[in-house]
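What follows is protein37.cif (mmCIF, C-alpha atoms).
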```cif
data_query
#
loop_
_atom_site.label_atom_id
_atom_site.label_comp_id
_atom_site.auth_asym_id
_atom_site.auth_seq_id
_atom_site.Cartn_x
_atom_site.Cartn_y
_atom_site.Cartn_z
CA MET A 1 11.62 -25.56 -4.77
CA ALA A 2 13.87 -23.12 -2.88
CA ARG A 3 17.56 -23.97 -3.13
CA SER A 4 19.56 -22.77 -0.18
CA GLY A 5 23.24 -21.98 0.33
CA GLY A 6 26.26 -24.03 -0.65
CA ARG A 7 27.68 -24.82 -4.07
CA GLY A 8 25.72 -24.60 -7.21
CA THR A 9 23.54 -21.60 -6.24
CA ARG A 10 22.98 -18.29 -7.91
CA THR A 11 25.83 -16.20 -9.24
CA GLY A 12 28.67 -18.57 -8.58
CA ARG A 13 26.81 -21.45 -10.11
CA PRO A 14 28.85 -23.52 -12.59
CA ARG A 15 27.10 -24.27 -15.88
CA THR A 16 25.26 -27.53 -15.46
CA ARG A 17 23.21 -29.65 -17.83
CA MET A 18 19.55 -29.64 -17.00
CA GLY A 19 16.50 -31.10 -18.67
CA THR A 20 14.29 -28.65 -20.57
CA GLU A 21 11.53 -28.55 -17.96
CA GLU A 22 13.93 -28.24 -15.07
CA ARG A 23 15.79 -25.40 -16.80
CA ARG A 24 12.55 -23.62 -17.59
CA ARG A 25 11.45 -23.82 -13.96
CA GLN A 26 14.82 -22.57 -12.79
CA LEU A 27 14.62 -19.55 -15.12
CA LEU A 28 11.07 -18.76 -14.01
CA ARG A 29 12.12 -18.93 -10.35
CA ILE A 30 14.99 -16.51 -10.95
CA GLY A 31 12.61 -14.26 -12.90
CA ALA A 32 10.17 -14.21 -9.97
CA GLU A 33 12.99 -13.16 -7.63
CA LEU A 34 14.10 -10.29 -9.85
CA PHE A 35 10.70 -9.02 -11.00
CA ALA A 36 9.46 -9.13 -7.40
CA GLU A 37 11.94 -6.51 -6.28
CA ARG A 38 12.25 -4.23 -9.31
CA PRO A 39 10.11 -2.73 -12.05
CA PHE A 40 10.32 -4.35 -15.47
CA ASP A 41 12.72 -1.74 -16.90
CA ASP A 42 15.26 -2.32 -14.12
CA VAL A 43 15.60 -6.06 -14.68
CA TRP A 44 18.37 -7.06 -17.08
CA ILE A 45 18.24 -10.25 -19.04
CA GLU A 46 22.02 -10.57 -18.61
CA GLU A 47 21.54 -10.86 -14.86
CA VAL A 48 19.00 -13.64 -15.30
CA ALA A 49 21.42 -15.57 -17.51
CA GLU A 50 24.26 -15.01 -15.06
CA ARG A 51 22.26 -16.18 -12.04
CA ALA A 52 21.14 -19.25 -13.96
CA GLY A 53 24.67 -19.95 -15.14
CA VAL A 54 23.59 -20.05 -18.78
CA SER A 55 24.39 -18.03 -21.88
CA ARG A 56 22.06 -15.27 -23.05
CA GLY A 57 21.54 -17.34 -26.18
CA LEU A 58 20.13 -20.25 -24.20
CA LEU A 59 17.87 -17.91 -22.23
CA TYR A 60 16.54 -16.43 -25.48
CA HIS A 61 15.93 -19.95 -26.70
CA TYR A 62 13.44 -20.40 -23.84
CA PHE A 63 12.05 -16.83 -23.83
CA PRO A 64 12.66 -14.81 -27.01
CA THR A 65 12.12 -11.38 -25.35
CA LYS A 66 12.22 -9.96 -21.84
CA ARG A 67 8.51 -9.17 -22.13
CA GLN A 68 7.69 -12.78 -22.99
CA PHE A 69 9.86 -13.87 -20.08
CA TYR A 70 7.99 -11.60 -17.67
CA ALA A 71 4.64 -12.73 -19.09
CA ALA A 72 5.67 -16.36 -18.47
CA VAL A 73 6.70 -15.55 -14.87
CA VAL A 74 3.36 -13.85 -14.18
CA ARG A 75 1.38 -16.72 -15.74
CA HIS A 76 3.44 -19.34 -13.90
CA GLU A 77 2.98 -17.67 -10.50
CA GLY A 78 -0.70 -16.95 -11.10
CA GLU A 79 -1.39 -20.55 -12.07
CA ARG A 80 0.42 -21.83 -9.03
CA LEU A 81 -1.70 -19.52 -6.90
CA LEU A 82 -4.88 -20.92 -8.47
CA ARG A 83 -3.65 -24.46 -7.89
CA MET A 84 -2.75 -23.76 -4.24
CA THR A 85 -6.19 -22.34 -3.50
CA GLU A 86 -8.28 -24.86 -5.44
CA PRO A 87 -11.54 -25.30 -3.52
CA ASP A 88 -12.58 -28.76 -2.36
CA PRO A 89 -16.27 -29.17 -3.25
CA ALA A 90 -16.74 -31.81 -0.52
CA THR A 91 -16.03 -29.22 2.19
CA PRO A 92 -18.71 -26.85 3.59
CA VAL A 93 -18.38 -23.35 2.13
CA GLY A 94 -17.24 -21.67 5.36
CA ARG A 95 -14.43 -24.23 5.74
CA GLN A 96 -13.49 -23.80 2.07
CA VAL A 97 -12.91 -20.08 2.63
CA GLN A 98 -10.84 -20.74 5.75
CA GLN A 99 -8.80 -23.46 4.06
CA GLY A 100 -8.35 -21.43 0.86
CA LEU A 101 -7.11 -18.46 2.89
CA GLU A 102 -4.81 -20.60 5.00
CA ALA A 103 -3.30 -22.10 1.85
CA TYR A 104 -2.97 -18.66 0.29
CA LEU A 105 -1.25 -17.14 3.32
CA ARG A 106 1.19 -20.04 3.56
CA TYR A 107 1.89 -19.72 -0.15
CA ALA A 108 2.43 -15.97 0.38
CA GLU A 109 4.97 -16.60 3.14
CA GLU A 110 6.86 -19.29 1.25
CA HIS A 111 6.73 -17.65 -2.18
CA ALA A 112 6.64 -13.99 -1.23
CA ARG A 113 8.73 -13.03 -4.24
CA GLY A 114 6.58 -14.99 -6.66
CA LEU A 115 3.48 -13.32 -5.26
CA ARG A 116 5.01 -9.86 -5.52
CA ALA A 117 6.22 -10.55 -9.08
CA PHE A 118 2.70 -11.68 -9.95
CA HIS A 119 0.95 -8.63 -8.51
CA ARG A 120 3.50 -6.18 -9.85
CA ALA A 121 1.97 -7.06 -13.22
CA SER A 122 -1.03 -4.89 -12.37
CA ALA A 123 1.27 -1.84 -12.30
CA ALA A 124 3.39 -2.87 -15.27
CA GLY A 125 2.01 -0.22 -17.62
CA ASP A 126 1.96 -2.95 -20.29
CA ARG A 127 -1.47 -3.99 -21.48
CA GLU A 128 -0.63 -7.60 -22.35
CA ILE A 129 1.02 -8.27 -18.98
CA HIS A 130 -1.78 -6.43 -17.23
CA ASP A 131 -4.34 -8.62 -19.02
CA ILE A 132 -2.65 -11.89 -18.01
CA HIS A 133 -2.86 -10.74 -14.39
CA GLU A 134 -6.51 -9.69 -14.77
CA GLN A 135 -7.49 -13.00 -16.38
CA LEU A 136 -6.00 -15.03 -13.57
CA LEU A 137 -7.80 -12.92 -10.97
CA ALA A 138 -11.03 -13.22 -12.97
CA GLU A 139 -10.63 -16.99 -12.94
CA GLN A 140 -10.23 -16.92 -9.17
CA GLU A 141 -13.35 -14.76 -8.91
CA ARG A 142 -15.40 -17.07 -11.16
CA ARG A 143 -14.35 -20.04 -9.08
CA ILE A 144 -15.47 -18.48 -5.81
CA VAL A 145 -18.76 -17.22 -7.28
CA THR A 146 -19.44 -20.72 -8.66
CA VAL A 147 -18.92 -22.29 -5.24
CA LEU A 148 -21.29 -19.78 -3.60
CA ASP A 149 -23.89 -20.11 -6.37
CA ALA A 150 -23.85 -23.90 -6.07
CA GLN A 151 -24.41 -23.63 -2.34
CA ALA A 152 -27.28 -21.20 -2.89
CA ALA A 153 -28.83 -23.48 -5.52
CA ALA A 154 -28.62 -26.43 -3.12
CA GLY A 155 -30.38 -24.33 -0.49
CA LEU A 156 -27.31 -24.62 1.76
CA ILE A 157 -26.96 -20.86 2.02
CA ASP A 158 -29.47 -18.10 1.24
CA GLY A 159 -29.37 -17.06 -2.38
CA PRO A 160 -27.85 -13.58 -2.61
CA ALA A 161 -28.63 -11.26 -5.52
CA PRO A 162 -26.11 -12.36 -8.19
CA ALA A 163 -24.77 -8.89 -9.11
CA ALA A 164 -24.23 -7.94 -5.48
CA LEU A 165 -22.64 -11.32 -4.77
CA ARG A 166 -20.21 -10.96 -7.66
CA LEU A 167 -19.35 -7.45 -6.52
CA ALA A 168 -18.69 -8.72 -3.00
CA VAL A 169 -16.31 -11.40 -4.26
CA HIS A 170 -14.60 -8.99 -6.67
CA GLY A 171 -14.01 -6.42 -3.94
CA TRP A 172 -12.89 -9.11 -1.53
CA LEU A 173 -10.16 -10.44 -3.83
CA ALA A 174 -8.76 -6.91 -3.99
CA PHE A 175 -9.01 -6.78 -0.19
CA VAL A 176 -7.04 -10.00 0.25
CA THR A 177 -4.39 -9.00 -2.29
CA ALA A 178 -3.82 -5.60 -0.67
CA ALA A 179 -3.87 -7.05 2.85
CA VAL A 180 -1.43 -9.86 2.08
CA LEU A 181 1.09 -7.68 0.22
CA ASP A 182 0.98 -5.21 3.12
CA TRP A 183 1.40 -8.03 5.64
CA LEU A 184 4.45 -9.39 3.79
CA GLU A 185 6.02 -5.93 3.84
CA ARG A 186 5.34 -5.17 7.51
CA GLY A 187 5.52 -8.63 9.04
CA GLU A 188 2.48 -7.96 11.22
CA PRO A 189 -0.14 -8.78 12.45
CA SER A 190 0.05 -12.57 12.89
CA ARG A 191 -1.02 -14.94 10.13
CA ALA A 192 -4.03 -15.99 12.20
CA GLU A 193 -5.12 -12.36 12.54
CA VAL A 194 -4.75 -11.75 8.79
CA ARG A 195 -6.86 -14.84 8.13
CA GLU A 196 -9.50 -13.66 10.61
CA VAL A 197 -9.69 -10.14 9.17
CA CYS A 198 -9.99 -11.50 5.60
CA THR A 199 -12.56 -14.17 6.50
CA ARG A 200 -14.77 -11.75 8.37
CA ALA A 201 -14.53 -9.17 5.59
CA LEU A 202 -15.91 -11.77 3.15
CA LEU A 203 -18.67 -12.91 5.49
CA GLY A 204 -19.62 -9.25 6.06
CA ALA A 205 -19.62 -8.46 2.34
CA LEU A 206 -21.76 -11.52 1.55
CA ALA A 207 -24.22 -10.59 4.31
CA GLY A 208 -24.37 -7.10 2.76
CA ALA A 209 -25.02 -8.66 -0.67
CA ARG A 210 -27.93 -10.65 0.76
CA GLY A 211 -29.30 -7.54 2.45
CA ASP A 212 -29.14 -9.25 5.86
CA MET B 213 -19.78 19.57 -16.05
CA ALA B 214 -20.36 17.74 -19.34
CA ARG B 215 -20.90 20.01 -22.31
CA SER B 216 -23.17 18.57 -24.93
CA GLY B 217 -23.64 19.35 -28.63
CA GLY B 218 -23.95 22.73 -30.34
CA ARG B 219 -21.52 25.60 -30.82
CA GLY B 220 -18.64 26.35 -28.54
CA THR B 221 -17.96 22.75 -27.52
CA ARG B 222 -14.81 20.70 -27.70
CA THR B 223 -13.02 20.70 -31.01
CA GLY B 224 -15.04 23.47 -32.62
CA ARG B 225 -14.70 25.68 -29.56
CA PRO B 226 -13.62 29.24 -30.35
CA ARG B 227 -10.63 30.51 -28.34
CA THR B 228 -11.92 32.36 -25.33
CA ARG B 229 -10.19 34.37 -22.63
CA MET B 230 -10.24 32.74 -19.22
CA GLY B 231 -8.67 33.58 -15.89
CA THR B 232 -5.62 31.52 -14.87
CA GLU B 233 -7.48 29.41 -12.30
CA GLU B 234 -10.45 28.82 -14.56
CA ARG B 235 -8.15 27.78 -17.43
CA ARG B 236 -6.19 25.45 -15.19
CA ARG B 237 -9.37 23.77 -13.99
CA GLN B 238 -10.60 23.43 -17.58
CA LEU B 239 -7.34 21.75 -18.64
CA LEU B 240 -7.41 19.37 -15.67
CA ARG B 241 -11.00 18.42 -16.48
CA ILE B 242 -10.10 17.66 -20.10
CA GLY B 243 -7.09 15.70 -18.86
CA ALA B 244 -9.29 13.60 -16.57
CA GLU B 245 -11.56 12.79 -19.52
CA LEU B 246 -8.71 11.66 -21.72
CA PHE B 247 -6.57 9.85 -19.15
CA ALA B 248 -9.68 8.02 -17.88
CA GLU B 249 -10.21 6.28 -21.19
CA ARG B 250 -6.67 5.70 -22.45
CA PRO B 251 -3.24 4.77 -21.16
CA PHE B 252 -0.74 7.59 -20.79
CA ASP B 253 1.05 6.85 -24.06
CA ASP B 254 -2.15 7.11 -26.08
CA VAL B 255 -3.05 10.61 -24.91
CA TRP B 256 -1.72 13.41 -27.11
CA ILE B 257 -1.04 16.84 -25.78
CA GLU B 258 -2.25 18.28 -29.10
CA GLU B 259 -5.70 16.86 -28.45
CA VAL B 260 -5.83 18.45 -25.01
CA ALA B 261 -4.95 21.83 -26.52
CA GLU B 262 -7.49 21.40 -29.28
CA ARG B 263 -10.31 20.43 -26.92
CA ALA B 264 -9.48 23.39 -24.71
CA GLY B 265 -9.29 25.72 -27.70
CA VAL B 266 -5.82 26.91 -26.73
CA SER B 267 -2.39 26.76 -28.37
CA ARG B 268 0.09 24.07 -27.38
CA GLY B 269 2.30 26.90 -26.16
CA LEU B 270 -0.30 28.03 -23.65
CA LEU B 271 -0.84 24.45 -22.46
CA TYR B 272 2.91 24.05 -21.90
CA HIS B 273 2.86 27.29 -19.95
CA TYR B 274 0.53 25.60 -17.44
CA PHE B 275 2.06 22.11 -17.59
CA PRO B 276 5.60 21.91 -19.03
CA THR B 277 5.43 18.15 -19.86
CA LYS B 278 2.71 15.57 -20.44
CA ARG B 279 3.94 13.70 -17.39
CA GLN B 280 3.57 16.78 -15.20
CA PHE B 281 0.13 17.29 -16.68
CA TYR B 282 -0.92 13.74 -15.81
CA ALA B 283 0.59 14.06 -12.31
CA ALA B 284 -1.47 17.24 -11.79
CA VAL B 285 -4.65 15.47 -12.96
CA VAL B 286 -4.06 12.56 -10.57
CA ARG B 287 -3.32 14.89 -7.65
CA HIS B 288 -6.32 17.10 -8.42
CA GLU B 289 -8.74 14.16 -8.60
CA GLY B 290 -7.26 12.48 -5.53
CA GLU B 291 -7.55 15.66 -3.48
CA ARG B 292 -11.12 16.14 -4.57
CA LEU B 293 -11.84 12.58 -3.48
CA LEU B 294 -10.32 13.26 -0.05
CA ARG B 295 -12.37 16.45 0.27
CA MET B 296 -15.60 14.71 -0.75
CA THR B 297 -15.14 11.98 1.86
CA GLU B 298 -13.89 14.16 4.73
CA PRO B 299 -15.20 12.58 7.94
CA ASP B 300 -17.31 14.67 10.32
CA PRO B 301 -15.95 14.05 13.84
CA ALA B 302 -19.29 15.03 15.42
CA THR B 303 -20.99 12.00 13.81
CA PRO B 304 -20.91 8.47 15.34
CA VAL B 305 -18.37 6.24 13.58
CA GLY B 306 -20.97 3.95 11.97
CA ARG B 307 -22.74 6.95 10.43
CA GLN B 308 -19.40 8.42 9.31
CA VAL B 309 -18.68 5.27 7.29
CA GLN B 310 -22.16 5.30 5.75
CA GLN B 311 -21.95 9.01 4.91
CA GLY B 312 -18.40 8.75 3.59
CA LEU B 313 -19.41 5.86 1.33
CA GLU B 314 -22.54 7.63 0.14
CA ALA B 315 -20.47 10.71 -0.73
CA TYR B 316 -17.87 8.54 -2.46
CA LEU B 317 -20.43 6.64 -4.55
CA ARG B 318 -22.13 9.88 -5.63
CA TYR B 319 -18.75 11.33 -6.50
CA ALA B 320 -17.99 8.17 -8.48
CA GLU B 321 -21.20 8.49 -10.48
CA GLU B 322 -20.77 12.18 -11.18
CA HIS B 323 -17.03 12.13 -11.82
CA ALA B 324 -16.55 8.62 -13.17
CA ARG B 325 -13.85 9.77 -15.57
CA GLY B 326 -11.96 11.64 -12.87
CA LEU B 327 -12.06 8.57 -10.66
CA ARG B 328 -10.85 6.30 -13.45
CA ALA B 329 -8.07 8.73 -14.37
CA PHE B 330 -7.03 8.79 -10.71
CA HIS B 331 -6.94 5.01 -10.30
CA ARG B 332 -5.31 4.40 -13.66
CA ALA B 333 -2.26 5.95 -11.99
CA SER B 334 -1.70 2.71 -10.08
CA ALA B 335 -1.12 0.94 -13.41
CA ALA B 336 0.85 3.76 -15.02
CA GLY B 337 4.19 1.99 -14.87
CA ASP B 338 5.67 5.34 -13.80
CA ARG B 339 7.03 5.47 -10.30
CA GLU B 340 6.37 9.17 -9.64
CA ILE B 341 2.75 8.97 -10.80
CA HIS B 342 2.32 5.70 -8.92
CA ASP B 343 3.65 7.35 -5.74
CA ILE B 344 1.25 10.29 -5.95
CA HIS B 345 -1.61 7.80 -6.12
CA GLU B 346 -0.22 5.76 -3.21
CA GLN B 347 0.25 8.84 -1.03
CA LEU B 348 -3.34 9.95 -1.51
CA LEU B 349 -4.63 6.48 -0.63
CA ALA B 350 -2.31 6.37 2.39
CA GLU B 351 -3.75 9.71 3.54
CA GLN B 352 -7.27 8.26 3.24
CA GLU B 353 -6.14 5.23 5.25
CA ARG B 354 -4.55 7.36 7.98
CA ARG B 355 -7.71 9.41 8.28
CA ILE B 356 -9.92 6.37 8.77
CA VAL B 357 -7.52 4.72 11.24
CA THR B 358 -7.39 7.98 13.22
CA VAL B 359 -11.17 8.12 13.48
CA LEU B 360 -11.32 4.49 14.66
CA ASP B 361 -8.44 4.95 17.10
CA ALA B 362 -10.06 8.03 18.61
CA GLN B 363 -13.28 6.10 19.11
CA ALA B 364 -11.39 3.25 20.73
CA ALA B 365 -9.50 5.67 23.01
CA ALA B 366 -12.78 7.27 24.06
CA GLY B 367 -14.13 3.83 24.90
CA LEU B 368 -16.88 4.29 22.28
CA ILE B 369 -15.85 1.14 20.44
CA ASP B 370 -13.71 -1.78 21.62
CA GLY B 371 -10.04 -1.17 20.99
CA PRO B 372 -8.88 -3.48 18.19
CA ALA B 373 -5.25 -4.56 17.94
CA PRO B 374 -3.63 -1.66 16.02
CA ALA B 375 -1.77 -3.73 13.39
CA ALA B 376 -4.86 -5.79 12.61
CA LEU B 377 -7.01 -2.65 12.54
CA ARG B 378 -4.69 -0.92 10.08
CA LEU B 379 -4.63 -4.04 7.93
CA ALA B 380 -8.42 -4.16 7.93
CA VAL B 381 -8.66 -0.53 6.77
CA HIS B 382 -5.92 -1.00 4.18
CA GLY B 383 -7.61 -4.04 2.69
CA TRP B 384 -10.98 -2.34 2.81
CA LEU B 385 -9.84 0.68 0.78
CA ALA B 386 -8.69 -1.73 -1.93
CA PHE B 387 -12.08 -3.46 -1.65
CA VAL B 388 -13.99 -0.21 -2.15
CA THR B 389 -11.79 0.91 -5.05
CA ALA B 390 -12.18 -2.40 -6.90
CA ALA B 391 -15.91 -2.61 -6.18
CA VAL B 392 -16.64 0.94 -7.30
CA LEU B 393 -14.63 0.74 -10.54
CA ASP B 394 -16.38 -2.53 -11.34
CA TRP B 395 -19.77 -1.02 -10.52
CA LEU B 396 -19.13 1.95 -12.83
CA GLU B 397 -18.23 -0.42 -15.63
CA ARG B 398 -21.19 -2.78 -15.22
CA GLY B 399 -23.86 -0.41 -13.97
CA GLU B 400 -25.07 -2.93 -11.38
CA PRO B 401 -26.00 -3.66 -8.63
CA SER B 402 -27.80 -0.57 -7.26
CA ARG B 403 -25.92 2.17 -5.41
CA ALA B 404 -27.64 1.15 -2.17
CA GLU B 405 -26.44 -2.44 -2.64
CA VAL B 406 -22.86 -1.33 -3.30
CA ARG B 407 -22.97 0.79 -0.15
CA GLU B 408 -24.34 -2.13 1.86
CA VAL B 409 -21.73 -4.60 0.58
CA CYS B 410 -18.90 -2.13 1.31
CA THR B 411 -20.19 -1.15 4.74
CA ARG B 412 -20.65 -4.73 5.85
CA ALA B 413 -17.22 -5.71 4.53
CA LEU B 414 -15.65 -3.04 6.77
CA LEU B 415 -17.69 -4.01 9.82
CA GLY B 416 -16.75 -7.64 9.25
CA ALA B 417 -13.06 -6.84 8.82
CA LEU B 418 -13.05 -4.70 11.99
CA ALA B 419 -14.77 -7.47 13.93
CA GLY B 420 -12.08 -9.85 12.64
CA ALA B 421 -9.38 -7.39 13.76
CA ARG B 422 -10.87 -7.33 17.26
CA GLY B 423 -11.04 -11.11 17.32
CA ASP B 424 -14.83 -11.00 17.93
#
```

Re-express the file's structure as structure tokens.
Amino acid sequence: MARSGGRGTRTGRPRTRMGTEERRRQLLRIGAELFAERPFDDVWIEEVAERAGVSRGLLYHYFPTKRQFYAAVVRHEGERLLRMTEPDPATPVGRQVQQGLEAYLRYAEEHARGLRAFHRASAAGDREIHDIHEQLLAEQERRIVTVLDAQAAAGLIDGPAPAALRLAVHGWLAFVTAAVLDWLERGEPSRAEVREVCTRALLGALAGARGD
Amino acid sequence: MARSGGRGTRTGRPRTRMGTEERRRQLLRIGAELFAERPFDDVWIEEVAERAGVSRGLLYHYFPTKRQFYAAVVRHEGERLLRMTEPDPATPVGRQVQQGLEAYLRYAEEHARGLRAFHRASAAGDREIHDIHEQLLAEQERRIVTVLDAQAAAGLIDGPAPAALRLAVHGWLAFVTAAVLDWLERGEPSRAEVREVCTRALLGALAGARGD
């Protein structure tokens, strides 16, 4: 995904012919870089075109407005995040959480800008963008609640009160988001410590939901 | 706090003379009501003046722009929140968390609109307003970390690794914010369950930070 150094990168990039899908991915990647570091109003569509080595006209062909471009970046990064943390139903629930977190933290390290661009959407002050972000988080929440409910139904874990369980998962996703963005900014503690803190927060919250 | 029905309320309210402080508090309360339910752009200064039963001129005397008015509402509600959850150093740390949460949840029930107006600032898309919100949350975080550090220094609790401890508290504040806003919207689970879920999430996160 990441292209490093040499010819054919960023600003100095000569105009090259790319397939439609490849071009679209390139534009979304550049969008993630720019929207990660600056608020919406401070990103200029001209800069995107320049970095991509394409005309503004071609960029508008893919994304008719800057808002639609940003919406596509947020959706693209959010969907990748969902894909990266897809639970494996064959794995015990404790392992699923550990593996999901490990995948998420690796994703966060490798795609820090994509993650920041995605979460900046919550502060965009634009309802449509805000809603795309909310929907993707809600999907993540539903997925985790479904896993826990299935385990409870199978008698594999105690059945927590549904409303308290959902609240625990909802709060926990906010916990992980805040913790990971902070970790990316500060570079500490270690990834293993972040994973431990997040895992134990979830286990604690779920125990609280069950009234243990 | 809430005025219901009859003469002298809201729009029909006759203009009355109030002291400067009383008037300021009234305007901030009306601001919290309006900014809680609508994004910044959908709140009209004329409506604030009308609800307060004052002229626009008088309102501008207190708050020269709508932005300054919103900033004052966010600061006012955030400071109230800090005051309501002030830790009592004489109390053991476990009790402090329980008491702080209980105070916070009662505040949330009684001042739901103030709390929503405060947290809407994080999605305001306005850097100054966003920063006021961040600073008040950072103050809350510092306060909790200080309490935990003091306990660790006194040997009352095990000393967690500082970076992991701070991360745990940072994530947990996001947890509590998300959980409480969700709880206000849905009206479930019970307050006691919310308190339990939040308390256990913090204890879990701190245990994770210590590597227990």

Inset, instruction - May I ask you to extract the residues of chain A within 8 Å of chain B, using only C-alpha atoms, and to give them as a ChimeraX atom specification? - result: /A:122-126,163-164,167-168,170-179,182-183,188-189,193-194,196-209,211

Could the residues in this selection be written to a file with C-alpha atoms, as an mmCIF file, keeping the file's coordinate frame?
```
data_model
loop_
_atom_site.group_PDB
_atom_site.id
_atom_site.type_symbol
_atom_site.label_atom_id
_atom_site.label_comp_id
_atom_site.auth_asym_id
_atom_site.auth_seq_id
_atom_site.Cartn_x
_atom_site.Cartn_y
_atom_site.Cartn_z
ATOM 1 C CA SER A 122 -1.030 -4.890 -12.370
ATOM 2 C CA ALA A 123 1.270 -1.840 -12.300
ATOM 3 C CA ALA A 124 3.390 -2.870 -15.270
ATOM 4 C CA GLY A 125 2.010 -0.220 -17.620
ATOM 5 C CA ASP A 126 1.960 -2.950 -20.290
ATOM 6 C CA ALA A 163 -24.770 -8.890 -9.110
ATOM 7 C CA ALA A 164 -24.230 -7.940 -5.480
ATOM 8 C CA LEU A 167 -19.350 -7.450 -6.520
ATOM 9 C CA ALA A 168 -18.690 -8.720 -3.000
ATOM 10 C CA HIS A 170 -14.600 -8.990 -6.670
ATOM 11 C CA GLY A 171 -14.010 -6.420 -3.940
ATOM 12 C CA TRP A 172 -12.890 -9.110 -1.530
ATOM 13 C CA LEU A 173 -10.160 -10.440 -3.830
ATOM 14 C CA ALA A 174 -8.760 -6.910 -3.990
ATOM 15 C CA PHE A 175 -9.010 -6.780 -0.190
ATOM 16 C CA VAL A 176 -7.040 -10.000 0.250
ATOM 17 C CA THR A 177 -4.390 -9.000 -2.290
ATOM 18 C CA ALA A 178 -3.820 -5.600 -0.670
ATOM 19 C CA ALA A 179 -3.870 -7.050 2.850
ATOM 20 C CA ASP A 182 0.980 -5.210 3.120
ATOM 21 C CA TRP A 183 1.400 -8.030 5.640
ATOM 22 C CA GLU A 188 2.480 -7.960 11.220
ATOM 23 C CA PRO A 189 -0.140 -8.780 12.450
ATOM 24 C CA GLU A 193 -5.120 -12.360 12.540
ATOM 25 C CA VAL A 194 -4.750 -11.750 8.790
ATOM 26 C CA GLU A 196 -9.500 -13.660 10.610
ATOM 27 C CA VAL A 197 -9.690 -10.140 9.170
ATOM 28 C CA CYS A 198 -9.990 -11.500 5.600
ATOM 29 C CA THR A 199 -12.560 -14.170 6.500
ATOM 30 C CA ARG A 200 -14.770 -11.750 8.370
ATOM 31 C CA ALA A 201 -14.530 -9.170 5.590
ATOM 32 C CA LEU A 202 -15.910 -11.770 3.150
ATOM 33 C CA LEU A 203 -18.670 -12.910 5.490
ATOM 34 C CA GLY A 204 -19.620 -9.250 6.060
ATOM 35 C CA ALA A 205 -19.620 -8.460 2.340
ATOM 36 C CA LEU A 206 -21.760 -11.520 1.550
ATOM 37 C CA ALA A 207 -24.220 -10.590 4.310
ATOM 38 C CA GLY A 208 -24.370 -7.100 2.760
ATOM 39 C CA ALA A 209 -25.020 -8.660 -0.670
ATOM 40 C CA GLY A 211 -29.300 -7.540 2.450
#
```

Legend entry - Long-range neighbours of range 237-250 of chain B as a PyMOL selection string, 7 Å cut-off, all atoms listed in the file, 2 positions minimum in chain: chain B and resi 233-235+252+254-255+260+264+285+325-326+328-329

Inset, instruction - Check what the PyMOL selection byres ((chain B and resi 300-310) around 8) selects in the file above and give those residues as a ChimeraX atom specification. - result: /B:298-299,311-314,359-360,363,407,411

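Here CA of Arg106 in chain A stands at a distance of 17.4 Å from CA of Gln140 in chain A.
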
Inset, instruction - Report the distance between CA of Gly57 in chain A and CA of Met18 in chain A in Å, rounded to one decimal place. - result: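 Separating CA of Gly57 in chain A from CA of Met18 in chain A is a distance of 15.5 Å.
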
Legend entry - For CA of Glu289 in chain B and CA of Leu327 in chain B, the interatomic separation in Å (one decimal): 6.8 Å

Adding 6 Å on each side of the box along x, y and z that holds all listed atoms of range 74-80 of chain A, could you give its centre and edge lengths in Å to one decimal, as AutoDock Vina command-line options?
```
--center_x 1.0 --center_y -17.8 --center_z -12.4 --size_x 16.8 --size_y 20.0 --size_z 18.7
```

Legend entry - Closest of B:Arg229, B:Glu353, B:Met296, B:Glu259 to His323 in chain B - atom-to-atom distances counting all atoms listed in the file: B:Met296

Inset, instruction - Output the residue selection produced by the PyMOL selection byres ((chain B and resi 272) around 12) on the file above, formatted as a PyMOL selection string. - result: chain B and resi 236+239+257-258+260-261+266-271+273-281
